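Structure file structure.txt with compact mmCIF, C-alpha atoms:
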# COMPACT_ATOMS: atom_id res chain seq x y z
CA MET A 1 -9.41 -28.23 -27.15
CA LYS A 2 -7.75 -26.39 -24.30
CA GLY A 3 -4.33 -27.28 -25.66
CA ILE A 4 -5.20 -25.77 -29.02
CA LYS A 5 -6.35 -22.52 -27.44
CA LYS A 6 -3.19 -22.35 -25.35
CA ASP A 7 -1.09 -22.39 -28.52
CA PHE A 8 -2.70 -19.21 -29.84
CA THR A 9 -0.83 -16.61 -27.83
CA LEU A 10 -0.59 -13.03 -29.12
CA PHE A 11 2.89 -13.79 -30.38
CA ALA A 12 1.72 -16.88 -32.21
CA ILE A 13 -1.19 -15.00 -33.80
CA LEU A 14 1.23 -12.34 -35.05
CA LEU A 15 3.32 -15.05 -36.72
CA ILE A 16 0.40 -16.20 -38.90
CA PRO A 17 0.19 -13.18 -41.27
CA ILE A 18 3.98 -13.14 -41.58
CA GLY A 19 4.05 -16.85 -42.37
CA VAL A 20 1.35 -16.30 -44.98
CA ALA A 21 3.23 -13.40 -46.55
CA VAL A 22 6.44 -15.46 -46.60
CA ASN A 23 4.57 -18.23 -48.43
CA VAL A 24 3.26 -15.82 -51.03
CA VAL A 25 6.51 -13.92 -51.57
CA ALA A 26 8.64 -17.09 -51.64
CA GLY A 27 6.21 -18.51 -54.21
CA GLU A 28 6.68 -15.39 -56.31
CA LEU A 29 10.46 -15.53 -55.94
CA VAL A 30 10.42 -19.11 -57.23
CA GLU A 31 8.49 -17.89 -60.26
CA LEU A 32 10.85 -14.95 -60.70
CA LEU A 33 13.90 -17.23 -60.67
CA LYS A 34 12.04 -19.70 -62.94
CA ILE A 35 12.60 -22.64 -60.60
CA PRO A 36 10.25 -25.49 -61.57
CA LEU A 37 8.96 -26.05 -58.01
CA PHE A 38 6.37 -24.36 -55.77
CA LEU A 39 8.21 -23.88 -52.46
CA ASN A 40 5.19 -21.95 -51.23
CA GLN A 41 4.79 -23.57 -47.82
CA ILE A 42 8.07 -22.51 -46.21
CA GLY A 43 6.32 -19.93 -44.03
CA THR A 44 3.79 -22.51 -42.90
CA MET A 45 6.56 -24.88 -41.89
CA ILE A 46 8.51 -22.25 -39.96
CA VAL A 47 5.41 -21.19 -38.07
CA ALA A 48 4.49 -24.83 -37.38
CA MET A 49 8.00 -25.48 -36.05
CA VAL A 50 8.13 -22.58 -33.60
CA ALA A 51 4.45 -22.06 -32.74
CA GLY A 52 2.90 -25.53 -32.93
CA PRO A 53 0.73 -27.60 -35.29
CA TRP A 54 -2.55 -25.67 -35.00
CA VAL A 55 -1.03 -22.25 -35.62
CA GLY A 56 0.79 -23.86 -38.55
CA ALA A 57 -2.44 -25.30 -39.92
CA ILE A 58 -4.13 -21.88 -39.83
CA THR A 59 -1.11 -20.36 -41.60
CA GLY A 60 -1.39 -22.97 -44.36
CA GLY A 61 -5.13 -22.47 -44.69
CA VAL A 62 -4.99 -18.67 -44.82
CA SER A 63 -2.17 -18.74 -47.38
CA LYS A 64 -4.21 -20.95 -49.69
CA LEU A 65 -7.08 -18.49 -49.26
CA ILE A 66 -4.81 -15.63 -50.34
CA PHE A 67 -3.38 -17.71 -53.22
CA GLY A 68 -6.99 -18.39 -54.14
CA ILE A 69 -7.66 -14.71 -54.79
CA PHE A 70 -5.21 -14.85 -57.69
CA ASN A 71 -5.71 -18.48 -58.69
CA PRO A 72 -8.96 -20.06 -57.50
CA THR A 73 -7.82 -23.63 -58.19
CA GLN A 74 -5.44 -23.27 -55.25
CA LEU A 75 -8.42 -23.19 -52.85
CA ALA A 76 -9.02 -26.88 -53.52
CA PHE A 77 -5.59 -27.65 -52.06
CA MET A 78 -6.26 -25.96 -48.73
CA PRO A 79 -6.42 -29.32 -46.87
CA VAL A 80 -2.93 -30.19 -48.16
CA ALA A 81 -1.42 -26.98 -46.78
CA MET A 82 -3.23 -27.36 -43.46
CA ALA A 83 -2.12 -30.98 -43.13
CA SER A 84 1.49 -29.97 -43.86
CA GLY A 85 1.30 -27.47 -41.00
CA ILE A 86 -0.19 -30.02 -38.61
CA VAL A 87 2.26 -32.79 -39.49
CA VAL A 88 5.34 -30.53 -39.22
CA GLY A 89 4.05 -29.08 -35.95
CA LEU A 90 3.30 -32.44 -34.34
CA LEU A 91 6.66 -33.89 -35.36
CA ALA A 92 8.45 -30.71 -34.24
CA LYS A 93 6.88 -31.07 -30.81
CA LYS A 94 8.40 -34.55 -30.62
CA GLY A 95 11.79 -33.04 -31.42
CA MET A 96 11.83 -34.29 -35.01
CA THR A 97 13.07 -31.00 -36.46
CA THR A 98 16.20 -30.42 -34.42
CA LYS A 99 18.79 -32.40 -36.38
CA VAL A 100 19.42 -32.71 -40.10
CA TRP A 101 18.65 -36.44 -40.34
CA LYS A 102 15.47 -35.99 -38.30
CA VAL A 103 14.42 -33.11 -40.58
CA ALA A 104 14.89 -35.42 -43.58
CA ILE A 105 12.53 -38.00 -42.03
CA THR A 106 10.01 -35.28 -41.21
CA GLY A 107 10.25 -34.10 -44.82
CA PHE A 108 9.44 -37.59 -46.07
CA ILE A 109 6.43 -37.90 -43.78
CA VAL A 110 5.11 -34.48 -44.83
CA ALA A 111 5.58 -35.43 -48.48
CA ILE A 112 3.67 -38.70 -48.03
CA VAL A 113 0.78 -36.94 -46.30
CA ALA A 114 0.74 -34.29 -49.04
CA ILE A 115 0.69 -36.96 -51.76
CA LEU A 116 -2.14 -38.83 -50.00
CA ILE A 117 -4.32 -35.70 -49.84
CA ALA A 118 -3.35 -33.97 -53.09
CA THR A 119 -3.81 -37.01 -55.37
CA PRO A 120 -7.56 -37.54 -54.78
CA THR A 121 -8.13 -33.78 -55.05
CA THR A 122 -6.33 -33.60 -58.38
CA VAL A 123 -8.04 -36.67 -59.83
CA ILE A 124 -11.59 -36.01 -58.62
CA VAL A 125 -11.77 -32.21 -58.84
CA PHE A 126 -9.47 -31.53 -61.79
CA GLY A 127 -9.60 -34.77 -63.76
CA GLY A 128 -5.88 -35.34 -63.16
CA ALA A 129 -4.62 -31.99 -64.45
CA SER A 130 -2.80 -29.40 -62.37
CA GLY A 131 -2.27 -26.65 -64.95
CA THR A 132 1.52 -26.68 -64.50
CA GLY A 133 4.42 -28.09 -66.48
CA SER A 134 4.44 -31.27 -64.41
CA ASP A 135 1.28 -32.34 -66.23
CA ALA A 136 3.64 -33.58 -68.95
CA LEU A 137 4.70 -36.29 -66.51
CA THR A 138 1.07 -37.33 -65.95
CA ALA A 139 0.58 -37.48 -69.71
CA ILE A 140 3.67 -39.66 -70.22
CA VAL A 141 2.54 -42.19 -67.62
CA LEU A 142 -0.98 -42.18 -69.09
CA ALA A 143 0.43 -42.71 -72.58
CA SER A 144 2.27 -45.80 -71.34
CA GLY A 145 -1.14 -47.33 -70.70
CA LYS A 146 -1.47 -46.73 -66.98
CA GLU A 147 -4.61 -45.55 -65.22
CA ILE A 148 -5.24 -41.94 -64.23
CA TRP A 149 -4.69 -42.66 -60.50
CA THR A 150 -1.30 -44.24 -61.13
CA ALA A 151 -0.33 -41.36 -63.39
CA VAL A 152 -1.28 -38.66 -60.87
CA VAL A 153 0.35 -40.50 -57.97
CA THR A 154 3.58 -40.76 -59.97
CA GLN A 155 3.49 -37.06 -60.81
CA LYS A 156 2.76 -36.15 -57.17
CA ILE A 157 5.55 -38.37 -55.86
CA PHE A 158 8.04 -36.50 -58.03
CA VAL A 159 6.73 -33.01 -57.45
CA GLU A 160 5.60 -33.14 -53.82
CA SER A 161 8.53 -35.05 -52.39
CA ILE A 162 11.16 -32.75 -53.89
CA ASP A 163 9.11 -29.69 -53.01
CA LYS A 164 8.25 -30.60 -49.44
CA ILE A 165 11.68 -31.95 -48.49
CA LEU A 166 13.44 -28.90 -49.90
CA SER A 167 10.93 -26.60 -48.19
CA ILE A 168 11.44 -28.15 -44.78
CA PHE A 169 15.20 -27.89 -45.11
CA VAL A 170 14.92 -24.18 -45.94
CA ALA A 171 12.55 -23.76 -42.98
CA TYR A 172 14.96 -25.63 -40.71
CA MET A 173 17.93 -23.52 -41.82
CA ILE A 174 16.02 -20.33 -41.13
CA VAL A 175 14.77 -21.44 -37.71
CA ARG A 176 18.35 -22.36 -36.86
CA LYS A 177 19.41 -18.79 -37.67
CA MET A 178 16.84 -17.22 -35.33
CA SER A 179 18.30 -15.74 -32.18
CA ASP A 180 17.88 -17.47 -28.82
CA GLN A 181 16.25 -14.35 -27.45
CA TYR A 182 13.60 -14.46 -30.18
CA LEU A 183 13.06 -18.21 -29.96
CA SER A 184 12.55 -18.03 -26.20
CA LYS A 185 9.32 -16.08 -26.76
CA GLN A 186 7.81 -18.72 -29.04
CA ASN A 187 5.65 -21.60 -27.80
CA TYR A 188 8.04 -24.28 -29.01
CA GLY A 189 11.11 -22.14 -29.57
CA HIS A 190 12.96 -23.83 -26.69
CA LEU A 191 13.55 -26.84 -28.96
CA TYR A 192 15.96 -24.82 -31.11
CA ILE A 193 17.79 -22.72 -28.53
CA LYS A 194 21.53 -23.20 -28.86
CA ASN A 195 22.54 -22.03 -25.39
CA LYS A 196 20.97 -24.78 -23.30
CA THR A 197 21.34 -22.92 -19.99
CA ILE A 198 18.68 -20.47 -21.20
CA ALA A 199 16.41 -23.25 -22.36
CA SER A 200 16.25 -24.95 -18.98
CA MET B 1 -23.87 1.93 -66.27
CA GLU B 2 -21.76 3.78 -63.76
CA LYS B 3 -24.67 3.88 -61.36
CA LEU B 4 -25.10 0.12 -61.68
CA GLY B 5 -21.37 -0.32 -61.04
CA THR B 6 -21.42 1.59 -57.78
CA PHE B 7 -24.59 -0.29 -56.86
CA ILE B 8 -22.72 -3.59 -57.16
CA LEU B 9 -19.59 -2.39 -55.39
CA ASN B 10 -21.59 -0.86 -52.53
CA LEU B 11 -23.44 -4.05 -51.68
CA TYR B 12 -22.76 -5.49 -48.25
CA PRO B 13 -19.88 -8.06 -48.33
CA THR B 14 -22.05 -10.95 -47.17
CA THR B 15 -24.60 -10.14 -49.87
CA LYS B 16 -21.84 -10.41 -52.45
CA PHE B 17 -20.76 -13.64 -50.80
CA LEU B 18 -24.27 -15.08 -51.01
CA PHE B 19 -24.37 -14.10 -54.66
CA ALA B 20 -21.03 -15.84 -55.30
CA VAL B 21 -22.22 -18.96 -53.45
CA PHE B 22 -25.37 -18.90 -55.55
CA LEU B 23 -23.25 -18.83 -58.71
CA MET B 24 -21.14 -21.70 -57.37
CA ILE B 25 -23.96 -24.00 -56.24
CA THR B 26 -26.44 -23.64 -59.10
CA PRO B 27 -24.09 -25.07 -61.78
CA LEU B 28 -23.64 -28.15 -59.58
CA LEU B 29 -27.41 -28.52 -59.21
CA LEU B 30 -28.42 -28.00 -62.80
CA PRO B 31 -27.82 -30.76 -65.36
CA GLY B 32 -25.93 -30.15 -68.59
CA TYR B 33 -23.15 -27.68 -69.13
CA LEU B 34 -24.72 -24.80 -70.98
CA TYR B 35 -25.69 -22.88 -67.84
CA SER B 36 -22.28 -23.59 -66.25
CA TYR B 37 -20.51 -22.08 -69.23
CA LEU B 38 -22.77 -19.04 -68.97
CA VAL B 39 -21.63 -18.30 -65.39
CA PRO B 40 -18.12 -17.05 -66.38
CA VAL B 41 -19.77 -14.87 -69.04
CA LEU B 42 -22.22 -13.50 -66.49
CA CYS B 43 -19.32 -12.83 -64.11
CA LEU B 44 -17.47 -11.06 -66.92
CA ILE B 45 -20.48 -8.80 -67.55
CA ILE B 46 -20.68 -7.95 -63.84
CA ALA B 47 -16.92 -7.32 -63.77
CA ILE B 48 -17.25 -4.96 -66.74
CA ILE B 49 -20.09 -3.07 -65.08
CA ALA B 50 -18.11 -2.83 -61.83
CA GLY B 51 -15.05 -1.60 -63.72
CA LYS B 52 -12.82 -4.60 -62.84
CA THR B 53 -12.57 -6.05 -66.33
CA LYS B 54 -8.79 -6.21 -66.61
CA LEU B 55 -8.15 -7.90 -63.26
CA TYR B 56 -10.97 -10.37 -63.77
CA VAL B 57 -9.87 -11.35 -67.27
CA ASP B 58 -6.22 -11.60 -66.20
CA ILE B 59 -6.91 -13.95 -63.30
CA VAL B 60 -9.38 -16.12 -65.20
CA PHE B 61 -6.95 -16.48 -68.08
CA LYS B 62 -3.88 -17.11 -65.95
CA GLY B 63 -5.45 -19.23 -63.23
CA LEU B 64 -8.22 -21.14 -64.89
CA LEU B 65 -7.66 -21.49 -68.60
CA SER B 66 -4.35 -23.36 -68.29
CA ILE B 67 -5.94 -26.02 -66.10
CA VAL B 68 -9.01 -26.24 -68.34
CA PHE B 69 -6.74 -26.71 -71.35
CA MET B 70 -4.75 -29.45 -69.59
CA ILE B 71 -7.94 -31.26 -68.57
CA PHE B 72 -9.07 -31.32 -72.19
CA LEU B 73 -5.69 -32.55 -73.31
CA LEU B 74 -5.42 -35.31 -70.69
CA GLN B 75 -9.01 -36.49 -70.74
CA SER B 76 -9.75 -36.42 -74.46
CA PHE B 77 -6.71 -38.56 -75.18
CA PHE B 78 -6.79 -40.93 -72.25
CA TYR B 79 -10.38 -41.25 -71.02
CA PRO B 80 -11.54 -44.84 -71.60
CA GLY B 81 -14.05 -45.16 -74.43
CA ASP B 82 -14.66 -46.61 -77.88
CA THR B 83 -15.85 -43.71 -80.03
CA ILE B 84 -12.66 -42.60 -81.70
CA LEU B 85 -12.85 -39.20 -83.36
CA TRP B 86 -9.31 -38.71 -84.53
CA SER B 87 -6.14 -40.73 -84.15
CA TRP B 88 -2.47 -40.54 -84.92
CA LYS B 89 -0.20 -43.53 -84.20
CA ILE B 90 -1.00 -44.60 -80.61
CA PHE B 91 -2.83 -41.38 -79.75
CA SER B 92 -6.53 -41.03 -80.31
CA ILE B 93 -9.17 -38.55 -79.24
CA ARG B 94 -12.34 -40.17 -77.97
CA GLN B 95 -15.85 -38.77 -77.77
CA GLU B 96 -16.29 -39.97 -74.17
CA GLY B 97 -13.22 -38.05 -73.09
CA ILE B 98 -14.44 -34.85 -74.71
CA ASP B 99 -17.85 -35.25 -73.05
CA PHE B 100 -16.26 -35.81 -69.68
CA SER B 101 -13.93 -32.80 -70.10
CA VAL B 102 -16.79 -30.54 -71.11
CA GLN B 103 -18.78 -31.56 -68.03
CA LEU B 104 -15.85 -31.18 -65.63
CA THR B 105 -14.40 -27.95 -67.00
CA SER B 106 -17.81 -26.29 -67.11
CA LYS B 107 -18.14 -26.77 -63.34
CA ILE B 108 -14.56 -25.69 -62.64
CA LEU B 109 -14.96 -22.55 -64.73
CA ALA B 110 -18.26 -21.67 -63.09
CA VAL B 111 -17.04 -22.12 -59.51
CA GLY B 112 -13.65 -20.56 -60.25
CA SER B 113 -14.96 -17.47 -61.99
CA ALA B 114 -17.50 -16.87 -59.21
CA ILE B 115 -14.64 -16.91 -56.69
CA VAL B 116 -12.54 -14.56 -58.84
CA LEU B 117 -15.45 -12.16 -59.22
CA PHE B 118 -16.21 -12.20 -55.49
CA PHE B 119 -12.66 -11.22 -54.53
CA GLN B 120 -12.56 -8.55 -57.24
CA ILE B 121 -15.73 -6.76 -56.17
CA THR B 122 -15.17 -7.18 -52.42
CA LYS B 123 -12.52 -5.34 -50.43
CA ILE B 124 -10.88 -7.71 -47.95
CA ASN B 125 -11.08 -5.08 -45.21
CA ASP B 126 -14.84 -4.79 -45.73
CA LEU B 127 -15.13 -8.56 -45.68
CA ALA B 128 -13.12 -8.71 -42.45
CA ARG B 129 -15.34 -6.07 -40.83
CA SER B 130 -18.53 -7.84 -41.86
CA LEU B 131 -17.18 -11.08 -40.40
CA GLU B 132 -16.47 -9.25 -37.14
CA ILE B 133 -20.04 -7.98 -37.05
CA LEU B 134 -21.18 -11.58 -37.57
CA GLY B 135 -19.28 -12.51 -34.42
CA VAL B 136 -15.93 -13.74 -35.77
CA SER B 137 -13.08 -12.94 -33.39
CA PRO B 138 -11.18 -9.71 -34.23
CA LYS B 139 -7.99 -11.76 -33.95
CA ALA B 140 -9.06 -13.91 -36.90
CA THR B 141 -9.96 -10.94 -39.06
CA TYR B 142 -6.73 -9.22 -38.06
CA VAL B 143 -4.80 -12.21 -39.43
CA LEU B 144 -6.61 -11.96 -42.75
CA SER B 145 -6.28 -8.23 -43.33
CA SER B 146 -2.78 -8.04 -41.88
CA ALA B 147 -1.52 -10.78 -44.21
CA LEU B 148 -2.78 -8.85 -47.22
CA ASN B 149 -1.16 -5.65 -45.97
CA ILE B 150 2.21 -7.29 -45.33
CA ILE B 151 2.54 -8.91 -48.76
CA PRO B 152 3.21 -5.75 -50.87
CA GLU B 153 5.55 -4.44 -48.17
CA MET B 154 7.48 -7.71 -48.17
CA ARG B 155 7.59 -7.76 -51.97
CA THR B 156 9.45 -4.41 -52.14
CA HIS B 157 11.71 -5.60 -49.33
CA LEU B 158 12.54 -8.72 -51.34
CA LEU B 159 13.46 -6.71 -54.43
CA ARG B 160 15.72 -4.52 -52.29
CA ILE B 161 17.45 -7.59 -50.83
CA MET B 162 17.88 -9.10 -54.29
CA ASP B 163 19.47 -5.90 -55.56
CA ALA B 164 21.82 -5.87 -52.60
CA GLN B 165 22.78 -9.50 -53.16
CA LYS B 166 23.36 -8.88 -56.86
CA THR B 167 25.73 -6.07 -55.97
CA ARG B 168 27.51 -8.49 -53.70
CA GLY B 169 27.96 -10.85 -56.65
CA VAL B 170 25.11 -13.32 -56.23
CA GLU B 171 23.99 -14.39 -59.68
CA THR B 172 20.25 -14.65 -60.34
CA GLU B 173 20.35 -15.75 -63.96
CA GLY B 174 21.83 -18.80 -65.61
CA ASN B 175 21.16 -22.52 -65.30
CA LEU B 176 18.87 -24.10 -62.73
CA ARG B 177 21.64 -24.64 -60.16
CA ILE B 178 22.67 -20.98 -60.18
CA ARG B 179 19.08 -19.83 -59.90
CA LEU B 180 18.38 -22.27 -57.08
CA LYS B 181 21.48 -21.02 -55.29
CA ALA B 182 20.21 -17.43 -55.59
CA PHE B 183 17.01 -18.46 -53.81
CA PHE B 184 18.55 -18.76 -50.32
CA PRO B 185 20.50 -15.47 -50.01
CA ALA B 186 17.39 -13.63 -51.15
CA LEU B 187 14.95 -15.43 -48.91
CA THR B 188 16.81 -15.90 -45.63
CA PRO B 189 17.32 -12.19 -44.75
CA LEU B 190 13.77 -11.45 -45.82
CA ILE B 191 12.21 -14.11 -43.61
CA LEU B 192 14.43 -13.43 -40.60
CA SER B 193 13.82 -9.69 -40.66
CA SER B 194 10.06 -10.12 -41.17
CA PHE B 195 9.73 -12.56 -38.32
CA SER B 196 11.74 -10.42 -35.95
CA SER B 197 9.35 -7.51 -36.55
CA THR B 198 6.69 -9.34 -34.52
CA ASP B 199 8.21 -7.89 -31.35
CA GLU B 200 7.26 -4.32 -32.16
CA LYS B 201 3.94 -5.39 -33.61
CA ALA B 202 3.08 -7.16 -30.35
CA ILE B 203 3.88 -4.04 -28.31
CA THR B 204 1.91 -1.80 -30.67
CA LEU B 205 -1.15 -4.03 -30.61
CA GLU B 206 -0.95 -4.56 -26.87
CA SER B 207 -0.86 -0.80 -26.26
CA ARG B 208 -4.13 -0.62 -28.19
CA ALA B 209 -5.75 -3.29 -26.01
CA PHE B 210 -5.77 -5.93 -28.73
CA THR B 211 -6.09 -8.82 -26.29
CA ALA B 212 -8.38 -7.07 -23.81
CA ARG B 213 -11.65 -8.93 -23.41
CA THR B 214 -14.01 -6.06 -24.10
CA LYS B 215 -16.25 -5.13 -26.96
CA LYS B 216 -14.17 -3.40 -29.61
CA THR B 217 -15.31 -0.39 -31.55
CA SER B 218 -14.28 0.17 -35.12
CA LEU B 219 -13.68 3.22 -37.28
CA HIS B 220 -14.64 1.15 -40.29
CA GLN B 221 -18.36 1.60 -40.87
CA LEU B 222 -20.42 -0.80 -42.94
CA GLU B 223 -24.12 -0.50 -43.51
CA LYS B 224 -26.71 -2.76 -45.00
CA THR B 225 -29.00 -0.88 -47.36
CA LYS B 226 -32.33 -1.54 -49.00
CA SER B 227 -30.57 -2.87 -52.10
CA ASP B 228 -29.00 -5.65 -50.02
CA SER B 229 -32.40 -6.92 -48.95
CA VAL B 230 -33.64 -6.70 -52.54
CA VAL B 231 -30.67 -8.71 -53.86
CA ARG B 232 -30.96 -11.28 -51.08
CA VAL B 233 -34.68 -11.81 -51.61
CA LEU B 234 -34.16 -12.09 -55.37
CA LEU B 235 -31.42 -14.69 -54.87
CA LEU B 236 -33.61 -16.67 -52.47
CA ILE B 237 -36.57 -16.66 -54.87
CA LEU B 238 -34.35 -17.72 -57.77
CA PHE B 239 -32.76 -20.46 -55.70
CA VAL B 240 -36.08 -21.90 -54.51
CA PHE B 241 -37.38 -21.70 -58.07
CA ILE B 242 -34.35 -23.64 -59.35
CA LEU B 243 -34.71 -26.27 -56.61
CA ILE B 244 -38.39 -26.81 -57.38
CA TRP B 245 -37.74 -26.94 -61.12
CA ARG B 246 -34.88 -29.40 -60.67
CA PHE B 247 -36.37 -31.83 -58.17
CA PHE B 248 -40.15 -31.62 -58.43
CA LEU B 249 -40.96 -30.96 -62.05
Represent the structure contained in this file as structure tokens.
Amino acid sequence: MKGIKKDFTLFAILLIPIGVAVNVVAGELVELLKIPLFLNQIGTMIVAMVAGPWVGAITGGVSKLIFGIFNPTQLAFMPVAMASGIVVGLLAKKGMTTKVWKVAITGFIVAIVAILIATPTTVIVFGGASGTGSDALTAIVLASGKEIWTAVVTQKIFVESIDKILSIFVAYMIVRKMSDQYLSKQNYGHLYIKNKTIAS
Amino acid sequence: MEKLGTFILNLYPTTKFLFAVFLMITPLLLPGYLYSYLVPVLCLIIAIIAGKTKLYVDIVFKGLLSIVFMIFLLQSFFYPGDTILWSWKIFSIRQEGIDFSVQLTSKILAVGSAIVLFFQITKINDLARSLEILGVSPKATYVLSSALNIIPEMRTHLLRIMDAQKTRGVETEGNLRIRLKAFFPALTPLILSSFSSTDEKAITLESRAFTARTKKTSLHQLEKTKSDSVVRVLLLILFVFILIWRFFL
């Protein structure tokens, strides 16, 4: 418990609303550019990488709350966003977000966790539908005679893995571009500082 | 009508919240789907009275109807059952699937429209203040209201960056690859500049004793009125009545 409280410094708290706003605006940009993905957890991932898993989880949760104002079905996926924040944060602490190949592994793990949580939500709460174009994929698998669980898992594997892996790479690229001086003020910023004499 | 509208909008945020929770829980308690389908209609009437018709209708249509439609499509074709209503080649619509969709979508619509209505008739700043009065940390409510304030600011910033990048020759229209490539030059400067603004924000907040461990005063005044107690008591009576009717009669 004490460790969690220690993560919430003033600086970390200030990152949360910005992470949330980044999620929302990036989500809108994706819609504007008509890209068939969500990419609306980039802010959560950045915050989780530099400020730790718990701050990341709150960022994910609050962003789903804000998404929920405009689309209430999003509220049901709050656990997915929070889990993404926690997983990225925990792996980042272990140094799993400092190199490209490590980021790829982290992306896979985040995607698996997201699939594991999002699938039951979609099947139980929404009867397998998600209200987006990817429902066509669910329908195709169902039409081939498979069960609803198989169909939704297949759809999630496609959508979530591409989405989460791409998101974490964007997050990684942006964290890499942050200045040493800025990173040094973050709880876990020292992991990404280029000039190692400052870090030590 | 107008009087009733201001009456609704002036209710205390937690009263509105209790009302929304009431609208969300009762459809799950009551059997059948008729009442559940009435909840969105009831919410619509309240939205009209409160003068939020357009926003309410927009969000319900955009957010909820597409998923409701997809549920009907998926379930009526693929739900296991024997009563075939209509079929074409390998596709057939079954009665069981329709029944299941009606049940499920009625609940989703009821809960969803109650949430939409709550956020339309409640200002987030009022909600944040009422949470503070309930004992929630000002830091938590700051996060909520600050996020909502940053979003429009960041949106205009994004459009400015996109214009600048277009001038530079970044294409934003064309096939998927071109559009995906436009995503990064628009997003990276936006995120970096927004994150680096935390420095000044920290100084500003610190100079106003944000982290000081004292009782904070607020300029934002919220008051519970007689109408809040009336609404709360009415909700409680209705709820108890429904519980008794459902489980004891």
Would you list which chain B residues are within 7 Å of chain A using all atoms listed in the file, as a JSON list (two decimals) with C-alpha atoms, in the frame of the given file?
[["chain", "number", "residue", "atom", "x", "y", "z"],
["B", 59, "ILE", "CA", -6.91, -13.95, -63.30],
["B", 63, "GLY", "CA", -5.45, -19.23, -63.23],
["B", 66, "SER", "CA", -4.35, -23.36, -68.29],
["B", 67, "ILE", "CA", -5.94, -26.02, -66.10],
["B", 70, "MET", "CA", -4.75, -29.45, -69.59],
["B", 71, "ILE", "CA", -7.94, -31.26, -68.57],
["B", 74, "LEU", "CA", -5.42, -35.31, -70.69],
["B", 78, "PHE", "CA", -6.79, -40.93, -72.25],
["B", 112, "GLY", "CA", -13.65, -20.56, -60.25],
["B", 115, "ILE", "CA", -14.64, -16.91, -56.69],
["B", 116, "VAL", "CA", -12.54, -14.56, -58.84],
["B", 119, "PHE", "CA", -12.66, -11.22, -54.53],
["B", 143, "VAL", "CA", -4.80, -12.21, -39.43],
["B", 146, "SER", "CA", -2.78, -8.04, -41.88],
["B", 147, "ALA", "CA", -1.52, -10.78, -44.21],
["B", 150, "ILE", "CA", 2.21, -7.29, -45.33],
["B", 151, "ILE", "CA", 2.54, -8.91, -48.76],
["B", 155, "ARG", "CA", 7.59, -7.76, -51.97],
["B", 172, "THR", "CA", 20.25, -14.65, -60.34],
["B", 176, "LEU", "CA", 18.87, -24.10, -62.73],
["B", 179, "ARG", "CA", 19.08, -19.83, -59.90],
["B", 180, "LEU", "CA", 18.38, -22.27, -57.08],
["B", 188, "THR", "CA", 16.81, -15.90, -45.63],
["B", 191, "ILE", "CA", 12.21, -14.11, -43.61],
["B", 192, "LEU", "CA", 14.43, -13.43, -40.60],
["B", 194, "SER", "CA", 10.06, -10.12, -41.17],
["B", 195, "PHE", "CA", 9.73, -12.56, -38.32],
["B", 198, "THR", "CA", 6.69, -9.34, -34.52],
["B", 202, "ALA", "CA", 3.08, -7.16, -30.35]]
What are the centre and edge lengths in Å, to one decimal, of the axis-aligned box around all listed atoms of region 108-127 of chain A with 8 Å added on each side, as AutoDock Vina command-line options?
--center_x -1.2 --center_y -35.2 --center_z -53.8 --size_x 37.2 --size_y 23.3 --size_z 36.0
What's the 7 Å shell around Tyr188 (chain A), counting only C-alpha atoms, without same-chain residues fewer than 3 positions away, as a ChimeraX atom specification? /A:50-52,191
Residues within 7 Å of Ile115 (chain A), please, as a ChimeraX atom specification. Count all atoms listed in the file; anything in the same chain fewer than 3 positions from it doesn't count. /A:111-112,118-119,156-157,160
Distance cut-off 10 Å, centre (-17.6, -48.0, -77.1) in file coordinates, counting only C-alpha atoms: which residues qualify? Return them as a PDB file with C-alpha atoms, in the frame of the given file.
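Written file, point_13.pdb:
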ATOM      1  CA  PRO B  80     -11.540 -44.840 -71.600  1.00  0.00           C
ATOM      2  CA  GLY B  81     -14.050 -45.160 -74.430  1.00  0.00           C
ATOM      3  CA  ASP B  82     -14.660 -46.610 -77.880  1.00  0.00           C
ATOM      4  CA  THR B  83     -15.850 -43.710 -80.030  1.00  0.00           C
ATOM      5  CA  ILE B  84     -12.660 -42.600 -81.700  1.00  0.00           C
ATOM      6  CA  ARG B  94     -12.340 -40.170 -77.970  1.00  0.00           C
ATOM      7  CA  GLN B  95     -15.850 -38.770 -77.770  1.00  0.00           C
ATOM      8  CA  GLU B  96     -16.290 -39.970 -74.170  1.00  0.00           C
TER       9      GLU B  96
END
Length of the CA of His220 (chain B) to CA of Pro13 (chain B) vector [Å] |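 Computing it gives 13.3 Å between the two atoms.
Every protein or nucleic acid residue with an atom no more than 10 Å from Phe72 (chain B), counting all atoms listed in the file and leaving out same-chain residues fewer than 6 positions away, appears here: Gly127 and Ala129 of chain A; Phe78, Gly97, Ile98, Asp99, Phe100, Ser101, Val102, Leu104 and Thr105 of chain B.
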message = Env of Cys43 (chain B): 9 Å cut, atoms = all atoms listed in the file, seq-sep filter 4 positions within chain, self excluded. Answer as a ChimeraX atom specification.
response = /B:23,38-39,47-48,56,110,113-114,116-117
Review point. Which one is closest to Glu132 (chain B): B:Leu18, B:Ala212, B:Met24, B:Leu222? Count all atoms listed in the file.
Key: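 Checking each of B:Leu18, B:Ala212, B:Met24, B:Leu222 against Glu132 (chain B), counting all atoms listed in the file, the winner is B:Leu222.
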With distances taken over only C-alpha atoms, which of A:Ser167, A:Val123, A:Val159, A:Ala151 is nearest to Gly107 (chain A)?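 Among the listed residues, A:Ser167 lies closest to Gly107 (chain A).
Within 12 Å of Leu131 (chain B), once only C-alpha atoms are used and residues closer than 4 positions along the same chain are dropped, the contacting residues are Tyr12, Pro13, Thr14, Phe17, Ile124, Asn125, Asp126, Leu127, Gly135, Val136, Ser137, Pro138, Lys139, Ala140, Thr141, Tyr142, Leu144, Ser145 and Leu222 of chain B.
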